[in-house]
Structures are given as C-alpha cells and as structure tokens.
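*Asks:* Can you keep this structure in mind? I'll have questions shortly.
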Amino acid sequence: MRKSVFIFNLLLASAHIATSMKALPAPSSLSQQERASAARATPTPAARLRTIRSREGARPSTTVIIDAGHGGFDRGGIAGQRVDEKTMNLDVALRLRSVLQSSGYRVVMTRDSDVFIPLGTRVAIANSYRDAIFVCIHFNATPRRSASGIETYFYSPQSLALASAIHYYVAGGAPTPNRGVRRRGFFVLRKTAIPSVLVECGFLTNPTEAQNAQNSAYRQKLALEIAHGIQNRSSVARIPGVTRIVSSSSDMSLEPETVPLQPFIDQTHYHDPDLSRSKHKRSSKSSSKSASSKHKKSSSETASTKSSTRKKKSTSQAED
C-alpha cells in the first residue's frame, strides 16, 4: 500500500515538472529585445561606476554664461579682414548653447543676435549669477597671415582649471597649433567674480583657419570641444602631459577623464586694449578740458590787462 502511494506521488510530481517546463520558453525563443533588457537588468560594477562618474562630471546645476565677442557695429578683428569675427563668434556660441542645454545645463547668453553689448554690461550679467562660469568666444586676428593656433585666456587663479579643461579639448581636437593657455587682464576676465575664460578659436586672418571657420561642421566641432571642457573641468589634476588622443565622438557622451593642469604664459603686464582705449579717451578729454580752462584763464588775464591799460591812459589824459 505504501509503495503504491509513493509511486502515485512520484507520478504527480513528474507531471507537474513537465508542465512547468513547457510553460517556460526556450532560450532561443526569447526576442532580441527581451535578451537585451535581461542583460541590462544587472549592470556590472564597472558600468555602474561609469554611470556615476558621468553624472558627477556633468554638474548640470551649474549655470554657464556664454559671451559671443563683439557684435553690432563692432565687427571684431582688424581692418581689411574678410571674415567677420562677430558672426563666427555668435555662431559657435549658439551651437555651444544647444549642446549644453541638451546635457541639462542652464545657459545664459550675453547676446544671441547681432547687437553690440558694452563690456561692463557683459560683466554685470556674469556677476549676477552664483554657481556659474563665464565662457567668452572669440577668433583671433593679426596682420601676419602665417599666425595660427588656439589660445585660451584666464586671469584669476580660480579660472585656471576651467581654462585648462577647455584648452585641453579644443586644442587637442583642432587641426591647428596649440598656442597655449595665457594669463592676461582682459576687462571681462578681470572684472568677473566667477571662473571666467576667453577662448580664441583660431586666426581668421590665416587663410586655412579662416576656411575652417566658415565650415559649419568645424564650428560645431569647436562647440562640442568647449562643451567637453566645461563638462570635465572638475577632473583637472596636476599631472604631466598637455596633449590627448583626439576622439571622433560627435556628441557630449564622452566619459570623464583626468585632464592635466595646463602650463600658462603670464601676460598680465600687457594692457587690455579696450581698457587702454577708454583710459586714453578719458585722459584726452581731461587734457582738452585742462587746455581749454588754461586758454580761458589766459584770455581773461589778457583782457584784464588791456582794460587796466585803457583806464590808465584815460586817467592820464584827464589830468592833462
């Protein structure tokens, strides 16, 4: 009796196992999408680390103030220059805005059209934001047509890391010489209270670089490289090396990497041309005012002397 009960239970268990096995699909019958989602369900530790680093590197809470140099009646560059600097500056700045906004950054433009904005207003806009950075976009120019390359300027020590990161990517990704990071007292760099840099994206007076700048794909590349520098500015470290292997990536999905702190050339003994011009105008006005007042004083003294002489003559004639 016990034996027959055992055999009956064994048969029931076998039937249940067979039914369960029929309910499960064979591995080959799973769709490609289901297999892919199953693989993604348990990410590896390395994948999790990459995700965390990517989120930390983006820092979307930071506000980026983008300043397109010149504008309006101020074409930028030098006399006789064929390509308008103000137009190239604005185009790269607008492209940079699009790239950063797509990555979650809050972006403020000092100008988004062909208008002239005084330097003081640009600085005031930058200083009205906290937890922000200021990136000024320019192209270079010189009478020497052979001059070429990328330069990045900063002034305050707090701006060196940002300058290093942006220059590392822009100079590393552009087919043009690396002219280095430079410390210089441009007005918009000296007067801003937040990390601030000025990027010179090449020489529009150089035939090759002017041709590159007029290519929309190249301007997009410049915007992407500047964005990569902004994204990875917190990864700057004091390690040797100033170059990198150029990536062919066309988006901002680059994994954060360690960026070397760039050596820089100190040019703070140079005067900001815009500031020097304004000082010269003020000194010229004061000089002209001083000369005018001196002339008026001299004229009044001469008139007084002549009047006194006439009085003396009339007195002597009356006595006669």
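By order in the structure tokens, chains are A, B, ...; within a chain, residues start at 1; ligands start at 1, following the order shown.
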Write out as a PDB file with C-alpha atoms, in the first residue's frame the set of residues from range 103-264 of chain A that DSSP, computed on the backbone, places in strand (DSSP E or B).
*Replies:*
ATOM      1  CA  ARG A 106      21.246  76.248 -17.603  1.00  0.00           C
ATOM      2  CA  VAL A 107      22.665  78.649 -20.210  1.00  0.00           C
ATOM      3  CA  VAL A 108      22.583  82.454 -20.266  1.00  0.00           C
ATOM      4  CA  MET A 109      23.681  84.372 -23.376  1.00  0.00           C
ATOM      5  CA  ALA A 132      28.210  79.920 -12.606  1.00  0.00           C
ATOM      6  CA  ILE A 133      31.044  80.050 -15.108  1.00  0.00           C
ATOM      7  CA  PHE A 134      31.714  82.583 -17.863  1.00  0.00           C
ATOM      8  CA  VAL A 135      32.931  81.473 -21.305  1.00  0.00           C
ATOM      9  CA  CYS A 136      33.801  84.160 -23.864  1.00  0.00           C
ATOM     10  CA  ILE A 137      34.045  83.075 -27.512  1.00  0.00           C
ATOM     11  CA  HIS A 138      36.434  84.875 -29.878  1.00  0.00           C
ATOM     12  CA  PHE A 139      38.512  84.350 -33.012  1.00  0.00           C
ATOM     13  CA  ASN A 140      41.971  85.853 -33.409  1.00  0.00           C
ATOM     14  CA  ILE A 150      44.290  78.066 -30.450  1.00  0.00           C
ATOM     15  CA  GLU A 151      44.732  80.232 -27.347  1.00  0.00           C
ATOM     16  CA  THR A 152      42.784  80.241 -24.081  1.00  0.00           C
ATOM     17  CA  TYR A 153      42.938  83.143 -21.627  1.00  0.00           C
ATOM     18  CA  PHE A 154      42.142  83.421 -17.925  1.00  0.00           C
ATOM     19  CA  ASN A 178      48.457  74.759 -29.726  1.00  0.00           C
ATOM     20  CA  ARG A 179      49.438  78.285 -28.667  1.00  0.00           C
ATOM     21  CA  GLY A 180      48.844  77.519 -25.017  1.00  0.00           C
ATOM     22  CA  VAL A 181      46.958  78.899 -22.036  1.00  0.00           C
ATOM     23  CA  ARG A 182      47.695  82.538 -21.194  1.00  0.00           C
ATOM     24  CA  ARG A 183      47.002  84.698 -18.153  1.00  0.00           C
ATOM     25  CA  SER A 196      35.970  83.046 -16.474  1.00  0.00           C
ATOM     26  CA  VAL A 197      37.833  82.195 -19.655  1.00  0.00           C
ATOM     27  CA  LEU A 198      38.217  83.648 -23.133  1.00  0.00           C
ATOM     28  CA  VAL A 199      38.770  81.165 -25.975  1.00  0.00           C
ATOM     29  CA  GLU A 200      40.465  82.290 -29.193  1.00  0.00           C
ATOM     30  CA  CYS A 201      39.268  79.651 -31.669  1.00  0.00           C
ATOM     31  CA  GLY A 202      41.826  80.360 -34.394  1.00  0.00           C
ATOM     32  CA  PHE A 203      43.049  83.161 -36.666  1.00  0.00           C
ATOM     33  CA  VAL A 236      41.693  68.708 -13.828  1.00  0.00           C
ATOM     34  CA  ALA A 237      44.692  67.374 -11.923  1.00  0.00           C
ATOM     35  CA  VAL A 259      42.634  66.424 -17.530  1.00  0.00           C
ATOM     36  CA  PRO A 260      46.172  67.748 -16.958  1.00  0.00           C
ATOM     37  CA  PHE A 264      50.434  79.034 -18.868  1.00  0.00           C
TER      38      PHE A 264
END
*Asks:* Considering only C-alpha atoms, return as a PyMOL selection string whatever protein or nucleic-acid residues lie within 9 Å of Asp131 in chain A, sequence-local ones (same chain, fewer than 4 positions apart) excluded.
*Replies:* chain A and resi 61-64+194
*Asks:* With a distance cut-off of 9 Å and only C-alpha atoms, select the neighbouring residues of Thr142 in chain A, excluding the residue or stretch itself and same-chain residues fewer than 6 positions from it, and output the selection as a VMD selection string.
*Replies:* chain A and resid 77 to 78 203 to 206
*Asks:* Which one is closest to Pro157 in chain A: A:Ala193, A:Ala223, A:Ala171, A:Val123? Count only C-alpha atoms.
*Replies:*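 Checking each of A:Ala193, A:Ala223, A:Ala171, A:Val123 against Pro157 in chain A, counting only C-alpha atoms, the winner is A:Ala193.
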*Asks:* Quick one: of A:Ser148, A:Ser234, A:Gln101, A:Asn89, who's nearest to Thr176 in chain A, counting only C-alpha atoms?
*Replies:* A:Ser148
*Asks:* With distances taken over only C-alpha atoms, which of A:Gly104, A:Pro263, A:Pro207, A:Gly71 is nearest to Gln231 in chain A?
*Replies:*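 Smallest separation from Gln231 in chain A among the options: A:Gly104.
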*Asks:* Write out as a PyMOL selection string each polymer residue whose atoms come within 8 Å of Arg111 in chain A, counting only C-alpha atoms; drop sequence neighbours fewer than 5 positions from it.
*Replies:* chain A and resi 67-68+117
*Asks:* Which residue gives the smallest distance to Leu119 in chain A among A:Arg75, A:Arg184, A:His228, A:His70, with only C-alpha atoms counted?
*Replies:*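 Ranking A:Arg75, A:Arg184, A:His228, A:His70 by distance to Leu119 in chain A, first place goes to A:His70.
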*Asks:* Mind pulling up the distance from CA of Thr192 in chain A to CA of Ile230 in chain A?
*Replies:*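 Calculated distance between CA of Ile230 in chain A and CA of Thr192 in chain A is 17.5 Å.
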*Asks:* From the set A:Phe187, A:Tyr105, A:Phe116, A:Tyr169, which residue has the shortest atom-to-atom contact distance to Gln262 in chain A, counting only C-alpha atoms?
*Replies:*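 Smallest separation from Gln262 in chain A among the options: A:Tyr169.
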